[in-house]
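Visitor: Next up is a structure, given as C-alpha cells.
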Amino acid sequence: MKITILSVGKIKEKYFRDAIAEYTKRLGRYCKLSVIEVEDEKTPDKASKTEEERIRQREAERLLKNIKEDAYVITLEIAGKQPDSVELAAKIETLAVQGISHIQFVIGGSLGLHDTICRQADMALSFSNMTFPHQLMRVILLEQIYRAYRIINKEPYHK
C-alpha cells in the first residue's frame, strides 16, 4: 500500500520533524510512505472572509496538482467522521482488500481546506471537534496510521 500525506505548509519545529521522522521510519515496514508539502499562503491578521476564501483557493490549486486520480482521498476536516483507532485500521485494511493501492491523506493550512478539495474526497476524517495546528495534525495522523498497521497485523501497541 502506498500512503501519501499531502499537506499545506512546511514543518518548522524540530520536535515535530523528529516525531514525523520516527513514525516515517516505523511505517517503512508496512507501507510506502511519502509526504508532499505545498506552499502555504500568508494569512494577514484580521483577514476578511473574502481574503480567507482566496487563500484557501490558492492552497487548493497547489493541492489539486498532487491529488492522483487513482488514489483514495481522505481529507482531514473537523466535520468528518470520527472513527476510533480500530475502525480506522479496518477502513485501511478494507481498502487494501478492495484493491485500492494508494491512499492520500490531505491536511489543509491554518484556514482549513477549500470546498473544491473537500468535494473530491472519498472520505472526510476528523480526529476531534477541536482545532489542532496543522503541523501537530501531521504527527497525530502518522501515529494513527502506524497504530492502524499494528492493529491490522495483530501486533501489540500501547494503548
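By order in the C-alpha cells, chains are A, B, ...; within a chain, residues start at 1; ligands start at 1, following the order shown.
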Please report, as a ChimeraX atom specification, each residue of range 66-110 of chain A to which DSSP assigns alpha helix (DSSP H) when run on this structure's backbone.

Guide: /A:85-97

Visitor: Can those selected residues be exported to a file as a short mmCIF file (atom, residue, chain, number, x, y, z; two decimals), in the first residue's frame so that it contains C-alpha atoms?

Guide:
```
data_model
loop_
_atom_site.label_atom_id
_atom_site.label_comp_id
_atom_site.auth_asym_id
_atom_site.auth_seq_id
_atom_site.Cartn_x
_atom_site.Cartn_y
_atom_site.Cartn_z
CA SER A 85 -8.31 3.51 16.01
CA VAL A 86 -9.75 0.04 15.37
CA GLU A 87 -12.29 1.45 12.89
CA LEU A 88 -9.57 3.39 11.05
CA ALA A 89 -7.46 0.23 10.85
CA ALA A 90 -10.45 -1.68 9.49
CA LYS A 91 -11.00 1.02 6.85
CA ILE A 92 -7.38 0.86 5.68
CA GLU A 93 -7.49 -2.94 5.61
CA THR A 94 -10.81 -2.96 3.70
CA LEU A 95 -9.42 -0.55 1.10
CA ALA A 96 -6.42 -2.84 0.58
CA VAL A 97 -8.67 -5.90 0.20
#
```

Visitor: Write out as a PDB file with N, CA and C atoms, in the first residue's frame the residues lying within 7 Å of Val106 in chain A, counting only C-alpha atoms and excluding same-chain residues fewer than 2 positions away.

Guide:
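Saved file out_39.pdb follows:
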```
ATOM      1  N   ILE A   5       0.892  11.591   2.443  1.00  0.00           N
ATOM      2  CA  ILE A   5       0.389  12.694   3.257  1.00  0.00           C
ATOM      3  C   ILE A   5       0.618  13.947   2.424  1.00  0.00           C
ATOM      4  N   LEU A   6      -0.458  14.588   2.033  1.00  0.00           N
ATOM      5  CA  LEU A   6      -0.409  15.808   1.231  1.00  0.00           C
ATOM      6  C   LEU A   6      -0.808  16.948   2.152  1.00  0.00           C
ATOM      7  N   SER A   7       0.106  17.862   2.374  1.00  0.00           N
ATOM      8  CA  SER A   7      -0.107  18.868   3.408  1.00  0.00           C
ATOM      9  C   SER A   7       0.283  20.266   2.943  1.00  0.00           C
ATOM     10  N   ILE A  74      -8.560  10.941   1.397  1.00  0.00           N
ATOM     11  CA  ILE A  74      -9.142  11.170   2.716  1.00  0.00           C
ATOM     12  C   ILE A  74      -8.711  12.556   3.178  1.00  0.00           C
ATOM     13  N   THR A  75      -9.679  13.451   3.329  1.00  0.00           N
ATOM     14  CA  THR A  75      -9.380  14.796   3.806  1.00  0.00           C
ATOM     15  C   THR A  75      -9.540  14.837   5.320  1.00  0.00           C
ATOM     16  N   LEU A  76      -8.732  15.654   5.969  1.00  0.00           N
ATOM     17  CA  LEU A  76      -8.871  15.861   7.399  1.00  0.00           C
ATOM     18  C   LEU A  76      -9.702  17.124   7.597  1.00  0.00           C
ATOM     19  N   GLN A 104      -4.369   8.780  -0.180  1.00  0.00           N
ATOM     20  CA  GLN A 104      -3.817  10.117   0.040  1.00  0.00           C
ATOM     21  C   GLN A 104      -4.603  10.792   1.157  1.00  0.00           C
ATOM     22  N   GLY A 108      -5.111  20.494   5.339  1.00  0.00           N
ATOM     23  CA  GLY A 108      -5.132  21.880   4.889  1.00  0.00           C
ATOM     24  C   GLY A 108      -4.210  22.774   5.695  1.00  0.00           C
TER      25      GLY A 108
END
```

Visitor: Leaving out Ile67 in chain A and any residue of its chain fewer than 4 positions from it, which residues lie within 10 Å of it when counting only C-alpha atoms, given as a list in words?

Guide: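 The residues satisfying every condition are Thr4, Leu6, Arg62, Leu63, Ala71, Tyr72, Val73, Gln104, Phe105, Val106, Ile117, Gln120 and Ala121 of chain A.
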
Visitor: Export, as an mmCIF file, in the first residue's frame, the selected residues with N, CA and C atoms.

Guide:
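File produced: part.cif:
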```cif
data_model
loop_
_atom_site.group_PDB
_atom_site.id
_atom_site.type_symbol
_atom_site.label_atom_id
_atom_site.label_comp_id
_atom_site.auth_asym_id
_atom_site.auth_seq_id
_atom_site.Cartn_x
_atom_site.Cartn_y
_atom_site.Cartn_z
ATOM 1 N N THR A 4 0.214 8.523 1.003
ATOM 2 C CA THR A 4 0.762 9.862 0.791
ATOM 3 C C THR A 4 0.083 10.831 1.750
ATOM 4 N N LEU A 6 -0.458 14.588 2.033
ATOM 5 C CA LEU A 6 -0.409 15.808 1.231
ATOM 6 C C LEU A 6 -0.808 16.948 2.152
ATOM 7 N N ARG A 62 -2.767 24.346 -5.415
ATOM 8 C CA ARG A 62 -1.490 23.630 -5.243
ATOM 9 C C ARG A 62 -1.727 22.175 -4.851
ATOM 10 N N LEU A 63 -2.700 21.960 -3.977
ATOM 11 C CA LEU A 63 -3.018 20.591 -3.555
ATOM 12 C C LEU A 63 -3.533 19.764 -4.725
ATOM 13 N N ALA A 71 -6.028 7.412 -6.589
ATOM 14 C CA ALA A 71 -5.882 7.328 -5.135
ATOM 15 C C ALA A 71 -7.233 7.453 -4.436
ATOM 16 N N TYR A 72 -7.320 6.842 -3.275
ATOM 17 C CA TYR A 72 -8.465 7.016 -2.390
ATOM 18 C C TYR A 72 -8.105 8.219 -1.526
ATOM 19 N N VAL A 73 -8.876 9.298 -1.624
ATOM 20 C CA VAL A 73 -8.539 10.569 -0.984
ATOM 21 C C VAL A 73 -9.314 10.727 0.326
ATOM 22 N N GLN A 104 -4.369 8.780 -0.180
ATOM 23 C CA GLN A 104 -3.817 10.117 0.040
ATOM 24 C C GLN A 104 -4.603 10.792 1.157
ATOM 25 N N PHE A 105 -3.907 11.178 2.216
ATOM 26 C CA PHE A 105 -4.489 11.961 3.294
ATOM 27 C C PHE A 105 -4.144 13.419 3.028
ATOM 28 N N VAL A 106 -5.140 14.305 3.090
ATOM 29 C CA VAL A 106 -4.928 15.711 2.756
ATOM 30 C C VAL A 106 -5.181 16.583 3.985
ATOM 31 N N ILE A 117 -11.476 20.876 -2.656
ATOM 32 C CA ILE A 117 -10.729 19.714 -2.169
ATOM 33 C C ILE A 117 -11.671 18.782 -1.421
ATOM 34 N N GLN A 120 -13.781 16.544 -3.548
ATOM 35 C CA GLN A 120 -13.070 15.464 -4.238
ATOM 36 C C GLN A 120 -12.761 14.285 -3.315
ATOM 37 N N ALA A 121 -12.975 14.456 -2.034
ATOM 38 C CA ALA A 121 -12.615 13.414 -1.075
ATOM 39 C C ALA A 121 -13.537 12.208 -1.171
#
```

Visitor: Report as a list in words all protein, DNA and RNA residues lying within 12 Å of Glu39 in chain A, evaluated on only C-alpha atoms, omitting residues in the same chain fewer than 3 positions from it.

Guide: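 These residues fall inside the cut-off: Leu6, Ser7, Val8, Gly9, Lys10, Ile11, Ile36, Lys42, Ile55, Arg56, Arg58, Glu59, Ala60, Glu61, Arg62, Leu63, Gly108, Gly109 and Ser110 of chain A.
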
Visitor: Restricting it to N, CA and C atoms, dump the selection as a compact mmCIF listing (two decimals), in the first residue's frame.

Guide:
```
# COMPACT_ATOMS: atom_id res chain seq x y z
N LEU A 6 -0.46 14.59 2.03
CA LEU A 6 -0.41 15.81 1.23
C LEU A 6 -0.81 16.95 2.15
N SER A 7 0.11 17.86 2.37
CA SER A 7 -0.11 18.87 3.41
C SER A 7 0.28 20.27 2.94
N VAL A 8 -0.45 21.24 3.45
CA VAL A 8 -0.13 22.64 3.19
C VAL A 8 0.87 23.11 4.24
N GLY A 9 1.96 23.67 3.80
CA GLY A 9 2.95 24.25 4.71
C GLY A 9 4.06 23.29 5.08
N LYS A 10 5.16 23.87 5.51
CA LYS A 10 6.33 23.11 5.95
C LYS A 10 6.32 23.01 7.47
N ILE A 11 6.96 21.97 7.95
CA ILE A 11 7.11 21.79 9.39
C ILE A 11 8.36 22.55 9.82
N ILE A 36 4.14 15.03 0.85
CA ILE A 36 4.24 16.13 -0.12
C ILE A 36 3.74 17.39 0.57
N LYS A 42 0.43 33.23 3.21
CA LYS A 42 0.49 34.04 4.43
C LYS A 42 -0.89 34.63 4.68
N ILE A 55 -7.27 32.71 -0.02
CA ILE A 55 -6.11 31.96 0.48
C ILE A 55 -6.37 30.45 0.37
N ARG A 56 -7.54 30.02 0.81
CA ARG A 56 -7.89 28.58 0.71
C ARG A 56 -7.90 28.13 -0.75
N ARG A 58 -6.12 29.40 -3.30
CA ARG A 58 -4.74 29.28 -3.81
C ARG A 58 -4.07 28.00 -3.29
N GLU A 59 -4.28 27.71 -2.02
CA GLU A 59 -3.71 26.47 -1.46
C GLU A 59 -4.35 25.25 -2.12
N ALA A 60 -5.64 25.32 -2.39
CA ALA A 60 -6.34 24.20 -3.05
C ALA A 60 -5.76 23.95 -4.44
N GLU A 61 -5.45 25.01 -5.18
CA GLU A 61 -4.87 24.84 -6.51
C GLU A 61 -3.56 24.07 -6.44
N ARG A 62 -2.77 24.35 -5.42
CA ARG A 62 -1.49 23.63 -5.24
C ARG A 62 -1.73 22.18 -4.85
N LEU A 63 -2.70 21.96 -3.98
CA LEU A 63 -3.02 20.59 -3.56
C LEU A 63 -3.53 19.76 -4.72
N GLY A 108 -5.11 20.49 5.34
CA GLY A 108 -5.13 21.88 4.89
C GLY A 108 -4.21 22.77 5.70
N GLY A 109 -4.21 24.04 5.32
CA GLY A 109 -3.42 25.03 6.02
C GLY A 109 -4.15 25.54 7.26
N SER A 110 -3.70 26.65 7.76
CA SER A 110 -4.25 27.18 9.02
C SER A 110 -5.72 27.58 8.90
```

Visitor: A:Ile152, A:Val38, A:Ala79, A:Met137: which is nearest Ala124 in chain A, counting only C-alpha atoms?

Guide: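 The shortest atom-to-atom distance to Ala124 in chain A comes from A:Ala79.
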
Visitor: What is the CA of Leu27 in chain A-CA of Met1 in chain A distance in Å, reported with one decimal?

Guide: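 Computed distance, CA of Leu27 in chain A to CA of Met1 in chain A, equals 11.0 Å.
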
Visitor: Here is a test: counting only C-alpha atoms, which residue of A:Asn153, A:Leu125, A:Met130, A:Glu53 is nearest to Arg29 in chain A?

Guide: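 Of A:Asn153, A:Leu125, A:Met130, A:Glu53, the one nearest Arg29 in chain A is A:Asn153, counting only C-alpha atoms.
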